[in-house]
file work-v8.cif (mmCIF, C-alpha atoms)
data_input
loop_
_atom_site.label_atom_id
_atom_site.label_comp_id
_atom_site.auth_asym_id
_atom_site.auth_seq_id
_atom_site.Cartn_x
_atom_site.Cartn_y
_atom_site.Cartn_z
CA MET A 16 -6.94 -23.24 -10.46
CA THR A 17 -7.98 -26.57 -11.91
CA GLU A 18 -9.04 -29.50 -9.78
CA THR A 19 -5.96 -31.59 -10.66
CA ALA A 20 -3.54 -28.77 -9.84
CA ARG A 21 -5.05 -28.30 -6.41
CA GLN A 22 -4.85 -32.01 -5.65
CA ARG A 23 -1.13 -32.23 -6.37
CA PRO A 24 0.23 -34.36 -3.50
CA GLU A 25 2.44 -32.65 -0.98
CA PHE A 26 4.37 -34.59 1.62
CA ARG A 27 4.79 -32.47 4.69
CA ASN A 28 4.01 -35.22 7.17
CA ILE A 29 7.48 -36.74 7.41
CA ASN A 30 8.10 -37.62 11.01
CA ALA A 31 11.77 -37.30 11.95
CA ILE A 32 11.57 -40.07 14.54
CA SER A 33 9.24 -42.67 12.99
CA ASP A 34 9.91 -42.13 9.26
CA LEU A 35 13.53 -41.08 8.80
CA PRO A 36 15.10 -44.28 10.25
CA ASN A 37 13.12 -46.33 7.68
CA TYR A 38 14.40 -44.35 4.70
CA ARG A 39 16.65 -46.42 2.50
CA LEU A 40 19.09 -43.96 1.02
CA PRO A 41 21.35 -44.77 -1.93
CA ALA A 42 25.11 -44.28 -1.38
CA ALA A 43 25.02 -40.78 -2.88
CA GLY A 44 22.21 -39.92 -0.46
CA TRP A 45 24.35 -41.01 2.48
CA VAL A 46 27.28 -38.95 1.24
CA SER A 47 24.98 -35.96 0.87
CA ILE A 48 23.36 -36.06 4.31
CA LEU A 49 26.67 -36.92 5.98
CA HIS A 50 28.26 -33.94 4.23
CA ARG A 51 25.72 -31.77 6.00
CA VAL A 52 26.03 -33.60 9.33
CA SER A 53 29.84 -33.43 9.29
CA GLY A 54 29.74 -29.72 8.44
CA ALA A 55 27.32 -28.99 11.27
CA LEU A 56 29.43 -31.06 13.67
CA MET A 57 32.58 -29.10 12.86
CA PHE A 58 30.61 -25.85 13.19
CA LEU A 59 29.46 -26.84 16.69
CA LEU A 60 32.91 -28.09 17.75
CA MET A 61 34.72 -25.08 16.30
CA PRO A 62 35.68 -23.61 19.71
CA PHE A 63 37.27 -26.95 20.63
CA ILE A 64 39.16 -27.05 17.32
CA ILE A 65 40.46 -23.51 17.86
CA TRP A 66 41.35 -24.37 21.47
CA MET A 67 43.47 -27.25 20.14
CA PHE A 68 45.12 -24.92 17.60
CA ASP A 69 45.70 -22.22 20.23
CA ALA A 70 47.06 -24.57 22.90
CA SER A 71 49.27 -26.52 20.51
CA ILE A 72 51.10 -23.52 19.00
CA THR A 73 51.22 -20.92 21.81
CA SER A 74 54.02 -22.27 24.06
CA GLU A 75 55.80 -25.36 25.34
CA ILE A 76 53.62 -25.22 28.45
CA SER A 77 50.33 -24.92 26.57
CA PHE A 78 51.49 -27.67 24.20
CA ALA A 79 52.07 -29.97 27.20
CA LYS A 80 48.58 -29.09 28.44
CA PHE A 81 47.19 -29.88 24.98
CA ALA A 82 48.93 -33.28 24.94
CA ALA A 83 47.88 -34.04 28.52
CA ALA A 84 44.22 -33.35 27.68
CA PHE A 85 44.26 -36.52 25.55
CA ASN A 86 46.49 -38.62 27.76
CA VAL A 87 45.20 -37.88 31.26
CA GLY A 88 42.12 -35.78 30.56
CA LEU A 89 41.01 -32.19 30.91
CA GLY A 90 39.35 -31.23 34.21
CA PHE A 91 36.59 -33.76 34.85
CA ILE A 92 36.65 -35.03 31.23
CA PRO A 93 38.68 -38.26 30.84
CA GLY A 94 41.36 -38.55 28.15
CA TRP A 95 39.62 -41.32 26.21
CA PHE A 96 36.56 -39.12 25.82
CA MET A 97 38.72 -36.28 24.49
CA LYS A 98 40.16 -38.75 21.99
CA LEU A 99 36.65 -39.78 20.92
CA VAL A 100 35.73 -36.13 20.31
CA ALA A 101 38.94 -35.66 18.33
CA LEU A 102 38.08 -38.79 16.35
CA ALA A 103 34.62 -37.40 15.56
CA ILE A 104 36.31 -34.27 14.21
CA ILE A 105 38.76 -36.40 12.21
CA TRP A 106 35.89 -38.33 10.62
CA ALA A 107 33.91 -35.14 9.94
CA TYR A 108 36.91 -33.48 8.31
CA LEU A 109 37.77 -36.52 6.18
CA HIS A 110 34.20 -37.00 5.00
CA HIS A 111 33.65 -33.30 4.31
CA PHE A 112 37.01 -33.07 2.51
CA ILE A 113 36.53 -36.11 0.27
CA ALA A 114 32.86 -35.41 -0.44
CA GLY A 115 33.87 -31.83 -1.23
CA ILE A 116 36.52 -33.00 -3.72
CA ARG A 117 33.79 -35.17 -5.29
CA HIS A 118 31.60 -32.06 -5.62
CA LEU A 119 34.40 -30.02 -7.20
CA TYR A 120 35.23 -32.87 -9.57
CA MET A 121 31.62 -33.23 -10.67
CA ASP A 122 31.32 -29.47 -11.17
CA SER A 123 34.52 -29.31 -13.19
CA PHE A 124 33.90 -32.25 -15.50
CA HIS A 125 30.10 -32.37 -15.53
CA ALA A 126 30.37 -35.98 -14.42
CA VAL A 127 26.74 -36.38 -13.55
CA THR A 128 25.92 -39.84 -14.82
CA LYS A 129 23.98 -42.08 -12.48
CA GLU A 130 26.79 -44.64 -12.46
CA PHE A 131 29.48 -42.14 -11.57
CA GLY A 132 27.29 -40.66 -8.85
CA LYS A 133 27.04 -44.07 -7.24
CA SER A 134 30.62 -45.27 -7.69
CA SER A 135 32.14 -41.97 -6.50
CA ALA A 136 29.80 -41.99 -3.48
CA VAL A 137 30.96 -45.50 -2.55
CA VAL A 138 34.60 -44.42 -2.94
CA THR A 139 33.92 -41.42 -0.69
CA LEU A 140 32.37 -43.56 2.06
CA VAL A 141 35.04 -46.28 1.91
CA LEU A 142 37.93 -43.77 1.91
CA SER A 143 36.60 -41.57 4.71
CA LEU A 144 35.61 -44.47 6.97
CA GLY A 145 38.78 -46.43 6.17
CA LEU A 146 41.07 -43.50 6.96
CA THR A 147 39.07 -42.81 10.12
CA VAL A 148 39.68 -46.38 11.31
CA VAL A 149 43.41 -46.12 10.52
CA LEU A 150 43.72 -42.84 12.41
CA ALA A 151 41.59 -44.17 15.28
CA ALA A 152 44.06 -47.03 15.71
CA LYS A 153 46.90 -44.49 15.78
CA LEU A 154 45.04 -42.19 18.18
CA PHE A 155 44.35 -45.01 20.66
CA GLY A 156 47.92 -46.28 20.38
CA LEU A 157 47.38 -49.58 18.55
CA TYR A 158 50.50 -48.96 16.44
CA MET B 8 11.24 -3.58 -19.21
CA SER B 9 9.63 -4.08 -15.84
CA VAL B 10 10.91 -2.34 -12.74
CA ASN B 11 13.36 -4.56 -10.85
CA HIS B 12 14.62 -2.38 -8.02
CA GLY B 13 13.37 -0.92 -4.75
CA SER B 14 10.25 -2.66 -3.47
CA LYS B 15 9.80 -4.34 -6.87
CA ARG B 16 13.14 -6.10 -6.67
CA ILE B 17 12.91 -9.79 -7.56
CA THR B 18 14.72 -11.78 -4.91
CA THR B 19 14.65 -15.12 -6.69
CA GLY B 20 15.73 -16.26 -10.12
CA ALA B 21 18.82 -16.47 -12.27
CA HIS B 22 22.21 -15.65 -10.74
CA TYR B 23 20.82 -15.00 -7.29
CA GLY B 24 22.66 -17.95 -5.74
CA LEU B 25 25.62 -17.97 -8.10
CA ARG B 26 27.88 -15.81 -5.94
CA ASP B 27 27.39 -18.01 -2.86
CA TRP B 28 27.75 -21.18 -4.89
CA LEU B 29 31.03 -19.94 -6.36
CA ALA B 30 32.31 -18.60 -3.03
CA GLN B 31 31.57 -21.97 -1.41
CA ARG B 32 33.73 -23.73 -4.00
CA ILE B 33 36.58 -21.24 -4.06
CA THR B 34 36.89 -21.19 -0.25
CA ALA B 35 36.71 -25.00 -0.27
CA ALA B 36 39.56 -25.24 -2.78
CA LEU B 37 41.66 -22.78 -0.74
CA MET B 38 41.12 -24.77 2.47
CA ALA B 39 41.83 -28.08 0.74
CA ALA B 40 45.11 -26.70 -0.65
CA PHE B 41 46.06 -25.41 2.80
CA THR B 42 45.30 -28.81 4.35
CA VAL B 43 47.63 -30.53 1.89
CA LEU B 44 50.30 -27.88 2.52
CA VAL B 45 50.22 -28.43 6.31
CA LEU B 46 50.10 -32.22 5.91
CA VAL B 47 53.14 -32.21 3.61
CA GLN B 48 55.14 -30.11 6.09
CA PHE B 49 54.00 -32.36 8.93
CA ILE B 50 54.90 -35.59 7.14
CA PHE B 51 58.29 -34.35 5.88
CA THR B 52 59.45 -33.21 9.31
CA SER B 53 62.32 -35.47 10.32
CA GLY B 54 61.98 -37.15 13.70
CA PRO B 55 59.10 -36.92 16.17
CA VAL B 56 56.98 -33.75 15.97
CA GLY B 57 57.08 -31.84 19.26
CA TYR B 58 56.11 -28.26 20.07
CA GLU B 59 59.04 -26.65 18.17
CA GLU B 60 58.34 -28.53 14.95
CA TRP B 61 54.56 -28.12 15.10
CA ALA B 62 54.51 -24.42 15.98
CA GLY B 63 57.36 -23.90 13.49
CA ILE B 64 55.02 -24.88 10.66
CA PHE B 65 52.81 -21.86 11.39
CA ALA B 66 55.53 -19.45 12.53
CA THR B 67 56.87 -18.23 9.19
CA GLN B 68 55.34 -15.07 7.76
CA TRP B 69 54.13 -16.70 4.55
CA MET B 70 52.40 -19.49 6.51
CA LYS B 71 50.74 -16.89 8.75
CA PHE B 72 49.56 -15.14 5.61
CA LEU B 73 48.09 -18.37 4.23
CA THR B 74 46.65 -19.49 7.58
CA PHE B 75 44.89 -16.13 7.86
CA VAL B 76 43.39 -16.56 4.40
CA THR B 77 42.24 -20.05 5.43
CA ILE B 78 40.58 -18.76 8.62
CA LEU B 79 38.63 -16.17 6.63
CA SER B 80 37.72 -18.80 4.01
CA LEU B 81 36.44 -21.05 6.79
CA LEU B 82 34.36 -18.21 8.22
CA TYR B 83 32.68 -17.52 4.89
CA HIS B 84 32.32 -21.20 3.92
CA ALA B 85 30.77 -22.19 7.26
CA TRP B 86 28.41 -19.20 7.13
CA ILE B 87 27.01 -20.22 3.74
CA GLY B 88 26.67 -23.87 4.80
CA ILE B 89 25.04 -23.23 8.17
CA ARG B 90 22.75 -20.56 6.72
CA ASP B 91 21.57 -23.11 4.14
CA ILE B 92 20.77 -25.59 6.93
CA TRP B 93 18.64 -23.01 8.78
CA MET B 94 16.91 -22.00 5.54
CA ASP B 95 16.07 -25.64 4.79
CA TYR B 96 14.67 -26.67 8.16
CA ILE B 97 13.63 -23.56 10.08
CA LYS B 98 10.54 -21.93 8.63
CA PRO B 99 9.37 -19.41 11.32
CA LEU B 100 11.00 -16.13 10.29
CA GLY B 101 11.79 -14.83 13.77
CA LEU B 102 13.48 -18.05 14.87
CA ARG B 103 15.43 -18.23 11.62
CA LEU B 104 16.65 -14.66 12.00
CA PHE B 105 17.73 -15.41 15.57
CA LEU B 106 19.67 -18.50 14.43
CA HIS B 107 21.30 -16.54 11.60
CA VAL B 108 22.47 -13.89 14.04
CA ALA B 109 23.62 -16.51 16.58
CA SER B 110 25.60 -18.34 13.85
CA LEU B 111 27.28 -15.09 12.77
CA VAL B 112 28.22 -14.22 16.35
CA TRP B 113 29.58 -17.76 16.85
CA LEU B 114 31.60 -17.72 13.62
CA ILE B 115 33.00 -14.20 13.90
CA GLY B 116 33.97 -14.84 17.53
CA CYS B 117 35.70 -18.10 16.57
CA ALA B 118 37.53 -16.41 13.67
CA GLY B 119 38.77 -13.68 16.01
CA TRP B 120 40.05 -16.25 18.48
CA ALA B 121 41.86 -18.22 15.75
CA VAL B 122 43.46 -15.07 14.34
CA GLN B 123 44.58 -14.00 17.83
CA ALA B 124 46.22 -17.40 18.43
CA LEU B 125 47.90 -17.23 15.03
CA TRP B 126 49.35 -13.71 15.26
CA ARG B 127 50.58 -14.19 18.82
CA LEU B 128 52.94 -16.88 17.56
#

call {"tool": "encode", "arguments": {"input": "work-v8.cif", "output": "structure tokens"}}
result
Amino acid sequence: MTETARQRPEFRNINAISDLPNYRLPAAGWVSILHRVSGALMFLLMPFIIWMFDASITSEISFAKFAAAFNVGLGFIPGWFMKLVALAIIWAYLHHFIAGIRHLYMDSFHAVTKEFGKSSAVVTLVLSLGLTVVLAAKLFGLY
Amino acid sequence: MSVNHGSKRITTGAHYGLRDWLAQRITAALMAAFTVLVLVQFIFTSGPVGYEEWAGIFATQWMKFLTFVTILSLLYHAWIGIRDIWMDYIKPLGLRLFLHVASLVWLIGCAGWAVQALWRL
């Protein structure tokens, strides 16, 4: 091995707490990491999602319990907190869905220019966050 | 031609990730189509959506068929995604194996629960 090859720099000293918050990601970078975060979030909350599915379709009684969980709460958990969790799932689904469509589009049309990467990333963020705000207003009864 | 099987099998290189890559996209497309299908039925229901209307969306045999396909797609899709996360960040082999097994148990259990709720309807 030559001297230059051995001295190739390797960066394995990234500190998650002190370094990551200072990273300035481009829009596509945000879409990418949030795609992963939203996927992991839905993976962790999957039992709650299936509980909602189960309770909402099984019977009139379970449906009423499902609705009450968000209006009056579930056990010691208040209703507004249940709504916040549901909102987190709504955001995660919207982001994952739209970023996924972006992936499929790029794969299908080989749209891999730098400009398209940026503009489509901005569209993804604006759409997912915008729709989340709209649905949040609906969820908390603003309209 | 070098030996490429048994203990000499090359576990990296061309095509090795193609199947997962393709499966990730096909399952994604199936789930996206299902999402639109449910949304359309939800939006075009006349009047407020109560239990009857909501459960009615999933009650027909063809919707059960498609919902089942979606649950299995989700299982496979989430497995590939979560496995990639562990492979990226978790380097100790024993811990990674444990997390892989835990993820599989979690996902298969969740899929079973979802299928049970669906076919009871």

call {"tool": "interface_residues", "arguments": {"input": "work-v8.cif", "of": "chain A", "to": "chain B", "cutoff": "8 Å", "atoms": "all atoms listed in the file", "output": "list of chain:residue names"}}
result
A:Arg51, A:Gly54, A:Ala55, A:Phe58, A:Met61, A:Pro62, A:Ile65, A:Phe68, A:Asp69, A:Ser71, A:Ile72, A:Thr73, A:Ser74, A:Glu75, A:Phe78, A:Phe112, A:Gly115, A:Leu119

call {"tool": "axis_aligned_box", "arguments": {"input": "work-v8.cif", "around": "range 99-110 of chain A", "padding_each_side": "8 Å", "output": "JSON"}}
result
{"center_x": 36.4, "center_y": -36.6, "center_z": 13.0, "size_x": 21.0, "size_y": 22.3, "size_z": 31.9}

call {"tool": "residues_around", "arguments": {"input": "work-v8.cif", "residues": "Trp95 in chain A", "least_positions_apart": "2", "cutoff": "10 Å", "atoms": "all atoms listed in the file", "output": "PyMOL selection string"}}
result
chain A and resi 84-88+92-93+97-101+154-155

call {"tool": "atom_distance", "arguments": {"input": "work-v8.cif", "atom1": "CA of Leu102 in chain A", "atom2": "CA of Ile115 in chain B"}}
result
25.2 Å

call {"tool": "atom_distance", "arguments": {"input": "work-v8.cif", "atom1": "CA of Ile50 in chain B", "atom2": "CA of Val46 in chain A"}}
result
28.4 Å

call {"tool": "atom_distance", "arguments": {"input": "work-v8.cif", "atom1": "CA of Ala136 in chain A", "atom2": "CA of Ala114 in chain A"}}
result
7.9 Å

call {"tool": "resolve_selection", "arguments": {"input": "work-v8.cif", "expression": "the PyMOL selection byres ((chain A and resi 41-45) around 9)", "output": "VMD selection string"}}
result
chain A and resid 39 to 40 46 to 50 132 to 137 140

call {"tool": "closest_residue", "arguments": {"input": "work-v8.cif", "among": "B:Leu37, B:His12, B:Phe51, B:Leu29", "to": "Ile78 in chain B", "atoms": "only C-alpha atoms"}}
result
B:Leu37

call {"tool": "closest_atom_pairs", "arguments": {"input": "work-v8.cif", "of": "range 35-133 of chain A", "to": "range 22-29 of chain A", "cutoff": "12 Å", "atoms": "only C-alpha atoms", "output": "CSV"}}
result
residue,atom,partner,partner_atom,distance
A:Leu35,CA,A:Ile29,CA,7.6
A:Pro36,CA,A:Ile29,CA,11.1
A:Asn37,CA,A:Ile29,CA,11.1
A:Tyr38,CA,A:Ile29,CA,10.6

call {"tool": "residues_around", "arguments": {"input": "work-v8.cif", "residues": "Leu144 in chain A", "least_positions_apart": "4", "cutoff": "8 Å", "atoms": "only C-alpha atoms", "output": "list in words"}}
result
Trp106, His110, Leu140 and Val148 of chain A

call {"tool": "closest_residue", "arguments": {"input": "work-v8.cif", "among": "A:Ala107, A:Leu89, A:Ser143, A:Arg117", "to": "Phe131 in chain A", "atoms": "only C-alpha atoms"}}
result
A:Arg117

call {"tool": "residues_around", "arguments": {"input": "work-v8.cif", "residues": "His107 in chain B", "least_positions_apart": "2", "cutoff": "9 Å", "atoms": "only C-alpha atoms", "output": "short mmCIF file (atom, residue, chain, number, x, y, z; two decimals) with C-alpha atoms, in the coordinates of the input"}}
result
data_model
loop_
_atom_site.label_atom_id
_atom_site.label_comp_id
_atom_site.auth_asym_id
_atom_site.auth_seq_id
_atom_site.Cartn_x
_atom_site.Cartn_y
_atom_site.Cartn_z
CA TRP B 86 28.41 -19.20 7.13
CA ILE B 89 25.04 -23.23 8.17
CA ARG B 90 22.75 -20.56 6.72
CA TRP B 93 18.64 -23.01 8.78
CA LEU B 102 13.48 -18.05 14.87
CA ARG B 103 15.43 -18.23 11.62
CA LEU B 104 16.65 -14.66 12.00
CA PHE B 105 17.73 -15.41 15.57
CA ALA B 109 23.62 -16.51 16.58
CA SER B 110 25.60 -18.34 13.85
CA LEU B 111 27.28 -15.09 12.77
CA VAL B 112 28.22 -14.22 16.35
#
